[in-house]
Structure formats: structure tokens, C-alpha cells
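**Q** Dropping in entry09.txt, with compact mmCIF, C-alpha atoms.
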```
# COMPACT_ATOMS: atom_id res chain seq x y z
CA MET M 11 131.77 145.71 -9.05
CA LYS M 12 129.13 143.17 -8.06
CA ASN M 13 126.47 145.87 -7.98
CA LEU M 14 127.51 147.03 -11.45
CA LYS M 15 127.13 143.50 -12.79
CA LYS M 16 123.67 143.25 -11.24
CA ILE M 17 122.66 146.55 -12.82
CA ASN M 18 123.91 145.38 -16.22
CA ILE M 19 121.95 142.15 -15.90
CA VAL M 20 118.77 144.02 -14.96
CA LEU M 21 119.20 146.41 -17.90
CA PHE M 22 119.83 143.51 -20.26
CA LEU M 23 116.68 141.72 -19.11
CA LEU M 24 114.72 144.96 -19.38
CA CYS M 25 115.87 145.44 -22.97
CA ILE M 26 114.81 141.91 -23.83
CA THR M 27 111.42 142.46 -22.20
CA LEU M 28 110.84 145.73 -24.03
CA SER M 29 111.87 144.28 -27.38
CA PHE M 30 109.33 141.51 -27.03
CA ALA M 31 106.52 143.58 -25.46
CA GLN M 32 103.02 143.53 -26.87
CA GLN M 33 101.81 146.38 -29.05
CA THR M 34 100.53 149.34 -27.03
CA PRO M 35 96.72 149.11 -26.65
CA ALA M 36 94.80 151.58 -28.80
CA PRO M 37 93.47 154.78 -27.19
CA LYS M 38 89.78 155.46 -26.73
CA GLN M 39 87.91 156.63 -29.82
CA VAL M 40 87.72 160.44 -29.92
CA LYS M 41 86.41 161.15 -33.42
CA ASP M 42 83.49 159.61 -35.28
CA PHE M 43 84.29 157.53 -38.35
CA ALA M 44 82.38 155.79 -41.11
CA ILE M 45 83.22 152.65 -43.07
CA VAL M 46 81.84 153.13 -46.57
CA GLY M 47 81.31 150.78 -49.50
CA ALA M 48 82.03 147.40 -47.89
CA THR M 49 79.90 144.28 -47.95
CA ALA M 50 78.72 144.12 -44.34
CA HIS M 51 78.12 140.68 -42.81
CA LEU M 52 76.02 141.53 -39.77
CA GLY M 53 76.48 138.18 -38.02
CA ASN M 54 72.74 137.48 -37.78
CA GLY M 55 72.38 136.10 -41.30
CA THR M 56 71.93 139.49 -42.99
CA ILE M 57 74.26 140.91 -45.63
CA ILE M 58 74.30 144.56 -46.77
CA GLU M 59 76.06 145.18 -50.06
CA ASN M 60 77.71 148.60 -50.44
CA SER M 61 77.09 149.52 -46.82
CA ILE M 62 77.70 152.47 -44.51
CA ILE M 63 78.65 151.90 -40.87
CA VAL M 64 79.02 154.95 -38.62
CA VAL M 65 80.79 154.62 -35.27
CA SER M 66 80.69 157.11 -32.40
CA ASN M 67 81.99 156.74 -28.83
CA GLY M 68 82.82 153.09 -29.44
CA LYS M 69 79.33 152.13 -30.63
CA ILE M 70 77.62 151.66 -33.96
CA THR M 71 75.21 154.55 -34.49
CA THR M 72 74.23 153.95 -38.11
CA ILE M 73 74.28 150.96 -40.43
CA GLY M 74 72.54 150.52 -43.76
CA PRO M 75 72.84 150.63 -47.57
CA ALA M 76 75.01 153.48 -48.85
CA ASP M 77 72.44 154.68 -51.38
CA SER M 78 69.75 155.25 -48.73
CA THR M 79 71.73 156.15 -45.62
CA PRO M 80 72.51 159.85 -45.04
CA LEU M 81 76.09 160.67 -44.10
CA THR M 82 77.66 163.97 -42.96
CA ARG M 83 81.17 163.44 -44.29
CA GLN M 84 82.62 166.69 -42.92
CA ALA M 85 82.05 165.62 -39.31
CA MET M 86 83.97 162.35 -39.37
CA ASP M 87 86.80 160.32 -40.81
CA ILE M 88 85.86 158.23 -43.84
CA ILE M 89 87.30 154.75 -44.40
CA ASP M 90 86.88 153.71 -48.03
CA ALA M 91 86.21 149.97 -47.97
CA LYS M 92 84.78 149.51 -51.43
CA GLY M 93 85.22 145.92 -52.58
CA LYS M 94 86.07 144.75 -49.05
CA HIS M 95 84.10 142.97 -46.33
CA VAL M 96 83.20 143.98 -42.76
CA TYR M 97 82.56 141.43 -40.01
CA PRO M 98 81.84 141.44 -36.28
CA GLY M 99 84.91 140.47 -34.24
CA PHE M 100 85.27 136.70 -33.97
CA ILE M 101 84.85 135.17 -30.51
CA VAL M 102 86.86 132.23 -29.10
CA SER M 103 84.75 129.83 -27.01
CA ASN M 104 86.35 127.70 -24.28
CA GLY M 105 89.84 129.12 -24.82
CA THR M 106 92.91 129.43 -22.61
CA LEU M 107 94.61 132.35 -24.34
CA GLY M 108 96.50 134.46 -21.83
CA LEU M 109 96.84 131.69 -19.25
CA VAL M 110 99.96 130.10 -20.74
CA GLU M 111 102.75 131.81 -22.64
CA VAL M 112 105.31 129.02 -23.08
CA ASP M 113 104.24 125.48 -22.15
CA ALA M 114 107.78 124.46 -21.24
CA VAL M 115 108.21 127.39 -18.83
CA LYS M 116 106.35 126.53 -15.64
CA ALA M 117 106.34 130.11 -14.37
CA SER M 118 104.30 131.20 -17.42
CA ASN M 119 101.67 128.47 -16.98
CA ASP M 120 98.53 129.35 -15.00
CA LEU M 121 96.30 126.85 -16.77
CA SER M 122 95.05 124.86 -13.78
CA GLU M 123 94.98 124.88 -10.00
CA MET M 124 95.82 122.05 -7.61
CA GLY M 125 92.91 120.04 -6.29
CA THR M 126 89.80 118.38 -7.69
CA TYR M 127 86.98 120.81 -6.87
CA ASN M 128 87.85 124.44 -7.60
CA PRO M 129 84.69 126.38 -8.52
CA HIS M 130 86.08 129.44 -6.71
CA ILE M 131 89.21 129.70 -8.88
CA ARG M 132 88.89 132.77 -11.13
CA SER M 133 90.75 132.44 -14.42
CA ILE M 134 90.54 136.18 -15.08
CA ILE M 135 93.01 136.92 -12.28
CA ALA M 136 95.71 134.95 -14.11
CA TYR M 137 94.96 136.39 -17.55
CA ASN M 138 98.04 137.97 -19.15
CA ALA M 139 96.86 140.84 -21.34
CA GLU M 140 100.40 141.29 -22.70
CA SER M 141 100.65 137.75 -24.05
CA LYS M 142 102.32 137.58 -27.44
CA VAL M 143 100.10 134.61 -28.28
CA VAL M 144 96.98 136.70 -27.67
CA GLU M 145 98.40 139.45 -29.86
CA SER M 146 98.70 137.06 -32.80
CA MET M 147 94.94 136.42 -32.92
CA ARG M 148 93.97 139.90 -34.06
CA PRO M 149 95.30 139.80 -37.66
CA ASN M 150 92.78 137.01 -38.38
CA GLY M 151 89.83 138.93 -36.92
CA VAL M 152 89.75 137.07 -33.59
CA LEU M 153 89.10 139.93 -31.16
CA LEU M 154 87.25 138.44 -28.17
CA GLY M 155 87.47 135.23 -26.18
CA GLN M 156 86.48 133.23 -23.17
CA VAL M 157 89.30 132.55 -20.68
CA VAL M 158 88.75 129.08 -19.21
CA PRO M 159 90.70 127.20 -16.53
CA ARG M 160 91.52 123.50 -16.95
CA GLY M 161 92.06 120.52 -14.65
CA GLY M 162 90.21 118.78 -11.83
CA ARG M 163 86.58 117.74 -11.73
CA ILE M 164 85.45 121.35 -11.33
CA ALA M 165 88.08 123.51 -13.00
CA GLY M 166 86.89 126.96 -11.93
CA THR M 167 85.17 130.02 -13.38
CA SER M 168 85.70 131.59 -16.78
CA SER M 169 85.50 135.21 -17.95
CA ILE M 170 85.23 136.95 -21.31
CA VAL M 171 87.88 139.41 -22.49
CA GLN M 172 88.76 141.60 -25.46
CA TYR M 173 92.21 141.16 -26.95
CA ASP M 174 93.67 144.67 -26.75
CA ALA M 175 94.26 145.77 -23.16
CA TRP M 176 96.85 146.90 -20.62
CA ASN M 177 95.81 144.42 -17.93
CA TRP M 178 93.10 141.94 -17.05
CA GLU M 179 90.89 144.63 -15.54
CA ASP M 180 90.89 146.55 -18.83
CA ALA M 181 90.45 143.37 -20.85
CA ALA M 182 87.45 141.97 -18.98
CA ILE M 183 84.04 142.55 -20.55
CA LYS M 184 82.25 139.95 -18.40
CA THR M 185 83.79 138.33 -15.32
CA ASP M 186 82.94 134.97 -13.76
CA ASP M 187 80.33 134.10 -16.39
CA GLY M 188 80.27 130.38 -15.60
CA ILE M 189 81.72 127.33 -13.91
CA HIS M 190 83.41 124.55 -15.89
CA ILE M 191 83.02 120.86 -15.05
CA ASN M 192 84.92 117.90 -16.49
CA TRP M 193 82.28 115.18 -16.53
CA PRO M 194 83.57 111.66 -15.77
CA ASN M 195 84.23 109.56 -18.87
CA SER M 196 81.74 106.72 -19.20
CA PHE M 197 84.33 104.86 -21.28
CA SER M 198 88.10 104.74 -20.93
CA ARG M 199 91.05 103.31 -22.80
CA GLY M 200 93.71 101.07 -21.33
CA ARG M 201 97.15 102.56 -20.75
CA TRP M 202 99.04 101.01 -23.67
CA TRP M 203 102.39 102.20 -22.26
CA LEU M 204 101.77 99.88 -19.30
CA GLY M 205 100.84 96.97 -21.53
CA GLU M 206 97.07 97.40 -21.05
CA ASP M 207 94.55 96.83 -23.84
CA PRO M 208 94.12 100.29 -25.48
CA SER M 209 90.58 99.57 -26.72
CA LEU M 210 87.57 101.40 -25.26
CA LYS M 211 85.98 99.80 -22.20
CA PRO M 212 83.29 100.95 -19.75
CA ASN M 213 84.77 103.04 -16.96
CA LYS M 214 84.49 100.89 -13.82
CA ASN M 215 84.65 103.99 -11.62
CA TYR M 216 82.04 105.98 -13.56
CA VAL M 217 79.17 105.54 -11.09
CA LYS M 218 81.44 106.35 -8.16
CA GLN M 219 82.80 109.48 -9.83
CA VAL M 220 79.32 110.75 -10.71
CA LYS M 221 78.16 110.13 -7.13
CA GLU M 222 81.07 112.17 -5.79
CA LEU M 223 80.03 115.05 -8.04
CA LYS M 224 76.39 114.72 -6.92
CA ASP M 225 77.45 114.78 -3.28
CA TYR M 226 79.49 117.91 -3.88
CA PHE M 227 76.52 119.68 -5.49
CA ASN M 228 74.24 118.62 -2.63
CA GLU M 229 76.70 119.97 -0.08
CA ALA M 230 76.97 123.24 -2.01
CA LYS M 231 73.19 123.62 -2.15
CA SER M 232 72.87 122.91 1.57
CA TYR M 233 75.56 125.47 2.37
CA ASN M 234 73.92 128.17 0.24
CA LYS M 235 70.56 127.57 1.93
CA GLY M 236 72.13 127.84 5.38
CA ASP M 237 73.30 130.77 7.50
CA LYS M 238 76.85 130.72 6.05
CA LYS M 239 78.44 131.49 9.42
CA ASN M 240 81.56 129.61 8.39
CA VAL M 241 82.46 130.88 4.94
CA ASN M 242 83.24 128.20 2.36
CA LEU M 243 84.63 129.88 -0.78
CA PRO M 244 84.12 126.93 -3.18
CA PHE M 245 80.48 126.49 -2.11
CA GLU M 246 79.98 130.26 -2.20
CA ALA M 247 81.12 130.30 -5.82
CA MET M 248 78.57 127.60 -6.68
CA SER M 249 75.61 129.77 -5.65
CA GLY M 250 75.38 131.37 -9.10
CA LEU M 251 74.51 128.01 -10.64
CA PHE M 252 71.47 127.64 -8.41
CA ASP M 253 70.13 131.21 -8.68
CA GLY M 254 70.62 131.38 -12.46
CA SER M 255 73.31 134.06 -12.50
CA LYS M 256 76.06 131.69 -13.70
CA HIS M 257 76.35 129.34 -16.63
CA LEU M 258 77.32 125.68 -16.24
CA TYR M 259 79.75 124.46 -18.89
CA ILE M 260 80.11 120.68 -18.94
CA ASN M 261 82.96 119.00 -20.81
CA ALA M 262 81.48 115.75 -22.16
CA ASP M 263 81.89 113.88 -25.45
CA ASP M 264 80.02 110.56 -25.74
CA GLU M 265 76.25 110.17 -25.86
CA LYS M 266 75.87 108.63 -22.41
CA SER M 267 78.08 111.21 -20.71
CA ILE M 268 76.24 114.09 -22.38
CA THR M 269 72.81 112.67 -21.50
CA ASP M 270 73.80 111.94 -17.90
CA ALA M 271 75.39 115.37 -17.52
CA VAL M 272 72.30 117.20 -18.78
CA ASN M 273 69.95 115.19 -16.56
CA PHE M 274 72.28 115.79 -13.61
CA ALA M 275 72.37 119.56 -14.16
CA LYS M 276 68.59 119.76 -14.63
CA SER M 277 67.96 117.75 -11.45
CA ASN M 278 70.08 120.27 -9.55
CA GLY M 279 68.06 123.23 -10.77
CA VAL M 280 70.70 124.60 -13.13
CA SER M 281 69.02 126.59 -15.90
CA LYS M 282 71.94 127.68 -18.10
CA ILE M 283 73.74 124.63 -19.48
CA THR M 284 76.26 124.20 -22.29
CA ILE M 285 77.99 121.04 -23.43
CA VAL M 286 81.65 121.66 -24.27
CA GLY M 287 83.41 119.38 -26.74
CA GLY M 288 80.37 117.30 -27.60
CA TYR M 289 82.07 114.88 -29.99
CA GLN M 290 78.88 112.78 -30.26
CA ALA M 291 76.45 115.65 -29.60
CA GLY M 292 75.10 115.44 -33.14
CA ASN M 293 73.84 111.92 -32.44
CA ILE M 294 71.48 113.24 -29.74
CA ALA M 295 70.68 116.64 -31.23
CA ASP M 296 66.94 116.21 -30.63
CA PHE M 297 67.57 115.57 -26.93
CA LEU M 298 69.72 118.70 -26.67
CA LYS M 299 67.13 120.81 -28.47
CA GLN M 300 64.35 119.48 -26.26
CA HIS M 301 66.22 120.55 -23.13
CA ASN M 302 67.45 123.85 -24.59
CA ILE M 303 71.12 122.87 -24.28
CA SER M 304 73.74 124.77 -26.28
CA VAL M 305 77.00 123.26 -27.52
CA MET M 306 80.54 124.59 -27.81
CA LEU M 307 81.62 122.14 -30.48
CA GLN M 308 85.16 120.78 -30.35
CA ARG M 309 87.70 121.70 -33.00
CA ILE M 310 86.37 120.23 -36.21
CA HIS M 311 89.80 119.86 -37.83
CA THR M 312 90.34 116.56 -36.03
CA ARG M 313 90.22 112.91 -37.01
CA PRO M 314 87.29 110.68 -36.05
CA GLU M 315 87.85 108.98 -32.70
CA LEU M 316 86.05 105.70 -33.43
CA GLU M 317 86.91 103.27 -36.19
CA ASP M 318 83.32 103.02 -37.45
CA HIS M 319 82.89 106.79 -37.87
CA ASP M 320 83.08 108.43 -41.29
CA TYR M 321 86.32 110.19 -42.14
CA ASP M 322 84.40 113.50 -42.18
CA TYR M 323 82.43 112.80 -38.99
CA THR M 324 83.76 115.86 -37.16
CA PHE M 325 83.25 118.14 -40.17
CA LYS M 326 79.52 117.33 -40.30
CA GLN M 327 78.66 117.79 -36.62
CA ALA M 328 77.93 121.51 -36.82
CA LYS M 329 75.32 121.12 -39.55
CA ARG M 330 73.61 118.23 -37.76
CA LEU M 331 73.21 120.37 -34.65
CA VAL M 332 72.28 123.60 -36.42
CA ASP M 333 69.64 121.87 -38.56
CA THR M 334 68.02 120.56 -35.38
CA GLY M 335 67.90 124.04 -33.88
CA VAL M 336 70.67 123.64 -31.29
CA LEU M 337 72.63 126.81 -30.47
CA VAL M 338 76.24 126.04 -31.50
CA SER M 339 79.57 127.81 -31.29
CA LEU M 340 83.03 126.52 -32.20
CA GLU M 341 85.92 126.04 -29.79
CA PRO M 342 89.58 125.25 -30.58
CA SER M 343 90.36 122.55 -28.00
CA GLY M 344 92.96 119.86 -28.55
CA GLN M 345 96.68 119.92 -29.15
CA MET M 346 98.15 123.39 -29.74
CA GLU M 347 94.77 124.83 -28.70
CA ARG M 348 96.02 128.34 -27.95
CA MET M 349 97.93 128.63 -31.21
CA ASN M 350 95.01 127.16 -33.16
CA SER M 351 92.60 129.78 -31.82
CA ARG M 352 93.77 132.05 -34.64
CA ASN M 353 92.35 129.47 -37.08
CA LEU M 354 88.83 129.84 -35.69
CA PRO M 355 87.45 131.47 -38.88
CA PHE M 356 88.83 128.64 -40.99
CA TYR M 357 87.12 126.02 -38.81
CA ALA M 358 83.90 127.89 -39.49
CA GLY M 359 84.78 127.92 -43.18
CA THR M 360 85.08 124.13 -43.19
CA THR M 361 81.47 123.81 -42.00
CA VAL M 362 80.44 125.62 -45.19
CA ALA M 363 82.00 122.85 -47.25
CA TYR M 364 79.87 120.40 -45.25
CA GLY M 365 76.45 121.97 -45.54
CA LEU M 366 76.13 125.27 -43.69
CA THR M 367 75.75 128.58 -45.48
CA LYS M 368 78.52 131.14 -45.01
CA GLU M 369 76.29 133.30 -42.83
CA GLN M 370 75.33 130.31 -40.65
CA ALA M 371 79.01 129.46 -40.30
CA LEU M 372 79.78 133.07 -39.37
CA GLN M 373 77.22 132.90 -36.56
CA LEU M 374 79.12 129.97 -35.01
CA ILE M 375 81.97 132.33 -34.11
CA THR M 376 80.03 135.57 -33.58
CA LEU M 377 76.38 135.76 -32.53
CA ASN M 378 76.02 132.18 -31.26
CA ALA M 379 79.14 132.42 -29.13
CA ALA M 380 77.96 135.78 -27.76
CA LYS M 381 74.52 134.34 -26.91
CA ILE M 382 75.98 131.38 -25.04
CA MET M 383 78.30 133.64 -23.03
CA GLY M 384 75.60 136.22 -22.36
CA ILE M 385 77.28 139.14 -24.12
CA ASP M 386 75.03 139.35 -27.19
CA ASP M 387 73.53 142.64 -25.96
CA LYS M 388 76.84 144.31 -26.86
CA TYR M 389 78.83 141.97 -29.10
CA GLY M 390 78.40 139.33 -31.80
CA THR M 391 76.60 141.35 -34.49
CA LEU M 392 76.81 144.64 -36.33
CA GLU M 393 73.76 146.51 -35.08
CA VAL M 394 72.93 150.03 -33.98
CA GLY M 395 73.69 150.49 -30.29
CA LYS M 396 76.15 147.60 -30.07
CA SER M 397 79.90 147.81 -29.57
CA ALA M 398 81.93 148.68 -32.65
CA THR M 399 84.07 145.56 -32.33
CA LEU M 400 84.60 144.67 -35.96
CA PHE M 401 87.19 144.35 -38.71
CA ILE M 402 87.65 144.95 -42.42
CA SER M 403 88.91 142.09 -44.58
CA GLU M 404 90.13 142.24 -48.15
CA GLY M 405 87.97 139.20 -48.93
CA ASP M 406 86.02 136.32 -47.40
CA ALA M 407 87.21 136.10 -43.79
CA LEU M 408 86.28 132.41 -43.50
CA ASP M 409 88.76 131.50 -46.24
CA MET M 410 92.44 131.54 -45.29
CA ARG M 411 93.36 132.63 -48.81
CA THR M 412 91.32 135.84 -48.58
CA ASN M 413 91.25 136.54 -44.84
CA ILE M 414 93.48 139.61 -45.03
CA VAL M 415 92.54 142.01 -42.25
CA SER M 416 93.43 145.62 -43.05
CA LYS M 417 91.62 147.34 -40.15
CA ALA M 418 90.26 146.16 -36.82
CA PHE M 419 88.41 147.94 -34.04
CA ILE M 420 87.54 146.97 -30.48
CA ASP M 421 84.90 149.20 -28.90
CA GLY M 422 85.64 151.70 -31.66
CA ARG M 423 89.38 151.77 -30.89
CA ASP M 424 91.59 151.41 -33.97
CA ILE M 425 93.83 148.55 -32.81
CA ASN M 426 97.32 147.70 -34.00
CA LEU M 427 97.56 144.57 -36.16
CA GLU M 428 101.33 144.24 -35.92
CA THR M 429 102.66 141.12 -34.19
CA HIS M 430 106.01 139.40 -33.79
CA GLN M 431 105.07 137.21 -36.77
CA THR M 432 104.12 140.09 -39.06
CA GLU M 433 107.32 141.93 -38.14
CA LEU M 434 109.39 138.87 -39.06
CA TRP M 435 107.43 138.44 -42.29
CA LYS M 436 108.14 142.04 -43.32
CA ARG M 437 111.77 141.74 -42.28
CA TYR M 438 112.48 138.68 -44.38
CA SER M 439 110.24 139.77 -47.26
CA GLU M 440 112.54 142.77 -47.54
CA LYS M 441 115.61 140.54 -47.38
CA TYR M 442 114.45 138.18 -50.11
CA LYS M 443 112.28 140.47 -52.25
CA GLU M 444 114.75 140.26 -55.12
```
Could you take the file, read its structure, and then write that structure out as C-alpha cells?

**A**
Amino acid sequence: MKNLKKINIVLFLLCITLSFAQQTPAPKQVKDFAIVGATAHLGNGTIIENSIIVVSNGKITTIGPADSTPLTRQAMDIIDAKGKHVYPGFIVSNGTLGLVEVDAVKASNDLSEMGTYNPHIRSIIAYNAESKVVESMRPNGVLLGQVVPRGGRIAGTSSIVQYDAWNWEDAAIKTDDGIHINWPNSFSRGRWWLGEDPSLKPNKNYVKQVKELKDYFNEAKSYNKGDKKNVNLPFEAMSGLFDGSKHLYINADDEKSITDAVNFAKSNGVSKITIVGGYQAGNIADFLKQHNISVMLQRIHTRPELEDHDYDYTFKQAKRLVDTGVLVSLEPSGQMERMNSRNLPFYAGTTVAYGLTKEQALQLITLNAAKIMGIDDKYGTLEVGKSATLFISEGDALDMRTNIVSKAFIDGRDINLETHQTELWKRYSEKYKE
């Protein structure tokens, strides 16, 4: 009897699991297809009206105007996209999608590791390709993303994935691309819940915290120059920063922290540097341009943090940086970060209202993000020879009113756009249609 109860429980749990499983990943492309008649936004600033895009073996083989591009219709499937728009798949910078499913369920949270210095922690290992949160990104055109660990002074290494896979091995398109550091705050607020003054004050421990980070880097460099008889995994993971094979992503917001962080990284021989967050990065855009520093700009749908900042301070940061020539992408950090990743195109759309052109805004979440992550040889734009990771929208994909994705492809695979949310929408639309 006890065994029967156990079997019933297992079957019940299995049914629940199956009913909430992610959509089955799309099979590999087997037949060529062409998207005809759409307005193609290439992601590099170019627009082709009434375009033809031919895809074979997961790659774009032809792209150009319909009236001057030959097409053998008998040999392929034709997708009529007249009046619609085609875009490269949007890319999430500095995201944590797939690392947490339900915040309140500890067993589903792999966001951070214990300890302060964890450069050897690989976020890709914890990535859950069957996450229902990840699945919900695709109907908005968000098809790729960086998986980034959180916590500690050195959080660990990130990887880049595509959002339609069986497991993390299938999802990964670039593993261990960079190490993420949380730079010490040069200013801190008092803990109001303990009766402390909540106003900003210089961080008394700033110099000490920076020195600890410098000492760690010096130890790592010494280890990597030595014989390595006694293997040290954290120091081993740091080697990529010194030989140029890994990117250094530094979370820093105020001017002093950003400046100190850049000078620190340069003094340690790090060549690939990106500021993440960068709330005040626009104030020192010339400095960032001079040192060839890119920025993953924090979510722009946030309020200004200082009382003397304009109400639209965060909305204007992207244009200030872009106009100076800084390479910028957008990231969705902040409260509800994973859920808000699906709003990435609308963050880009807001930058249009504050000075950028639509094609410049598009680059913030396509080509620029791909360049920073080092995947622009395959992703980020619609070009011959690159991956056919793209989608078709009924209208302007940067506007939430017209971002209606009817087709999406990852590496030429026709992916399913159904999610738990769309299923519920259809269910209750049917119920209340009258």
C-alpha cells in the first residue's frame, strides 16, 4: 500500500512537470527558405525596403532588395512578409535568465556562490534551458543572452546562450567569455532601518576594499607566471584576463568608481574592459572613449538616483555615450530583472524618444551587444554568412504597441513562440470573446 502511494505521488509530480514543461526546441533546418517583401533592419544602421532574405543550413546566404535579387522559388519555402519587418534577434546583456526560476524557492536559485572571490565559478553550468521565464522572452524577439553570476567581489564567469535548447550544452554559443567584478562603492548610504543617516557619504572602507582587490590580482598574476605545481582554480580562471582571451566586466556606477576601475584594469594589463551599470558613465564619456571602454548601460526605465539629477537623466544616458563614440549596449538590471528582460526592445525604443535614431537604438540590443561579447562574427546583424537568428514582426519591434512577432528563427530553426502566458491569453480570450 505504501509503495502504491509513492507511485501515485511520483506520477502526480510527473504530470505536473510535463504540463508545465518548456516548448520542445525546434529541429535543425532541413530545407532552404526565403523571407520576401519585408522591411529588413540589418542591425548595422542599414534598412532594405521590400527585401529578400534567403536562409540555408542555418545561415543567411542572400540578402538584398527584392527587385534586384534573383530567387529560385521552386527550391525553397517562401514566407510572405510584405508589410512586415525583419530584425536580428535581440541580445540581453548582463542577464541572469536561466539561473533562477522562482525567487522564493531556494532550490531553483543558482544566482550566486558563497565566498567573495569566485572567478572560477561558471554560470553556464547552472543555466536551466527549460526555464519558463526564458521561454517568455522569445515572443518579443529576445533570442540570445549573456548568463551572468551575481554576488561577491568577483562573481564568476559569464557565457552567452541562445534561448531555444534542450540543455546548457546545446544552448551555449560562447562559454566563459568574461569575468564579472563588483567594484567597491566609493559612496554609501546609511542603513536607515538601524537609525543611520540615509544620505550619501564617502565609503570609509573604499581604499581598503580596492587594495584587497589589487592584492588578489597581483597574486593571480604571480601564480600564472609561476610553475603552477599546486593548482589554484580561482587564479587559473583569471589567466584569461591577462592574456586577452577573456573580457573584464566591471559593475560600477559613479564617476570616481568608474574612473578608478578603468585605471585599475589598465594597470593590470587587461585589454578588454566593459563598465556594467554605468549610471554616471555619460558624465565621463570622453574618458571612456579615450580608453576604448564599452558600457552595458543599466536599465533606463528607472528613476534618477540623486536629487539634483533631471527626471529624465537615465533616459538620456545612451545618447550622451553614443554621440561620444562609446560602444553601448542595454542591460535590464534592477528589480524584477529577469522578467524585465523581455522589455529590452522597449528600453531601446525609449532612447529614440530621447535623441537616438531607431537604427541606433536597434544597435544597442543587437550589433553593439554582440561586439562587446565577441560574437559579432555570427550574430547581431543580418548579413550573408551570419547565423539566421532573426524574427518577423508585424510592425516596429521597438514599440510595444506594434511588436507582434509572428515568426522567429534561431540558427535557421523555426522556433515555437508559444509560452505559458500566450496559452493563458488564448484560453481566456476564448472564454470572454463574446

**Q** Which one of M:Tyr97, M:Ile283, M:Lys218, M:Arg83 sits closest to Ala50 of chain M if you count all atoms listed in the file?

**A**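 Among the listed residues, the smallest separation from Ala50 of chain M belongs to M:Tyr97.
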
**Q** Would you mind listing what lies within 6 Å of segment 423-440 of chain M as a PyMOL selection string, with all atoms listed in the file counted and same-chain residues fewer than 3 positions away left out?

**A** chain M and resi 36+38-39+146+149+418-420+443

**Q** Near Ala76 of chain M, within 10 Å and counting all atoms listed in the file, which residues show up once chain neighbours fewer than 3 positions away are dropped, as a count of residues only?

**A** 13

**Q** Record the distance separating atom CA of Val217 of chain M and atom CA of Pro314 of chain M, expressed in Å with one decimal.

**A** 26.7 Å

**Q** Ile101 of chain M: which residues within 6 Å, counting only C-alpha atoms, same-chain residues fewer than 3 positions away excluded, as JSON, numbers by chain?

**A** {"M": [154, 155, 375, 376]}

**Q** Between M:Asp187, M:Asp174, M:Asp113, M:Asp120, single out the one closest to Glu140 of chain M, counting only C-alpha atoms.

**A**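 Selected residue with least distance to Glu140 of chain M: M:Asp174.
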
**Q** Quick one: of M:Ile170, M:Leu210, M:Leu377, M:Val65, who's nearest to Glu315 of chain M, counting only C-alpha atoms?

**A**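 The answer is M:Leu210, which sits nearest to Glu315 of chain M.
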
**Q** Please write as a CSV table (one decimal) with C-alpha atoms, in the coordinates of the input the list of polymer residues whose atoms come within 12 Å of (75.0, 132.1, -7.2), counting all atoms listed in the file and keeping to the coordinates of the file.

**A**
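Saved result, selection_20.csv, follows:
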```
chain,number,residue,atom,x,y,z
M,129,PRO,CA,84.7,126.4,-8.5
M,130,HIS,CA,86.1,129.4,-6.7
M,186,ASP,CA,82.9,135.0,-13.8
M,187,ASP,CA,80.3,134.1,-16.4
M,188,GLY,CA,80.3,130.4,-15.6
M,189,ILE,CA,81.7,127.3,-13.9
M,230,ALA,CA,77.0,123.2,-2.0
M,231,LYS,CA,73.2,123.6,-2.2
M,233,TYR,CA,75.6,125.5,2.4
M,234,ASN,CA,73.9,128.2,0.2
M,235,LYS,CA,70.6,127.6,1.9
M,243,LEU,CA,84.6,129.9,-0.8
M,244,PRO,CA,84.1,126.9,-3.2
M,245,PHE,CA,80.5,126.5,-2.1
M,246,GLU,CA,80.0,130.3,-2.2
M,247,ALA,CA,81.1,130.3,-5.8
M,248,MET,CA,78.6,127.6,-6.7
M,249,SER,CA,75.6,129.8,-5.6
M,250,GLY,CA,75.4,131.4,-9.1
M,251,LEU,CA,74.5,128.0,-10.6
M,252,PHE,CA,71.5,127.6,-8.4
M,253,ASP,CA,70.1,131.2,-8.7
M,254,GLY,CA,70.6,131.4,-12.5
M,255,SER,CA,73.3,134.1,-12.5
M,256,LYS,CA,76.1,131.7,-13.7
M,257,HIS,CA,76.4,129.3,-16.6
M,258,LEU,CA,77.3,125.7,-16.2
M,279,GLY,CA,68.1,123.2,-10.8
M,280,VAL,CA,70.7,124.6,-13.1
M,281,SER,CA,69.0,126.6,-15.9
```

**Q** Between M:Thr412, M:Thr269, M:Asp263, M:Gly99, which is the closest to Met147 of chain M once you count all atoms listed in the file?

**A**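 Counting all atoms listed in the file, the residue closest to Met147 of chain M is M:Gly99.
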
**Q** Which of these, M:Ile45, M:Ala165, M:Leu109, M:Ala398, has the shortest distance to Asp87 of chain M once you count all atoms listed in the file?

**A**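 Nearest to Asp87 of chain M: M:Ile45.
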
**Q** Need the neighbours of (71.8, 137.7, -37.1): which residues are at most 9 Å away, counting all atoms listed in the file, as a VMD selection string?

**A** chain M and resid 52 to 56 369 to 370 373 377 390 to 392

**Q** Output C-alpha atoms for every residue in the selection just made, as a CSV table (one decimal), keeping the file's coordinate frame.

**A**
```
chain,number,residue,atom,x,y,z
M,52,LEU,CA,76.0,141.5,-39.8
M,53,GLY,CA,76.5,138.2,-38.0
M,54,ASN,CA,72.7,137.5,-37.8
M,55,GLY,CA,72.4,136.1,-41.3
M,56,THR,CA,71.9,139.5,-43.0
M,369,GLU,CA,76.3,133.3,-42.8
M,370,GLN,CA,75.3,130.3,-40.6
M,373,GLN,CA,77.2,132.9,-36.6
M,377,LEU,CA,76.4,135.8,-32.5
M,390,GLY,CA,78.4,139.3,-31.8
M,391,THR,CA,76.6,141.4,-34.5
M,392,LEU,CA,76.8,144.6,-36.3
```

**Q** Pick out the closest residue to Phe401 of chain M from this set: M:Val415, M:Tyr389, M:Ala379, M:Ala44. Count all atoms listed in the file.

**A** M:Val415
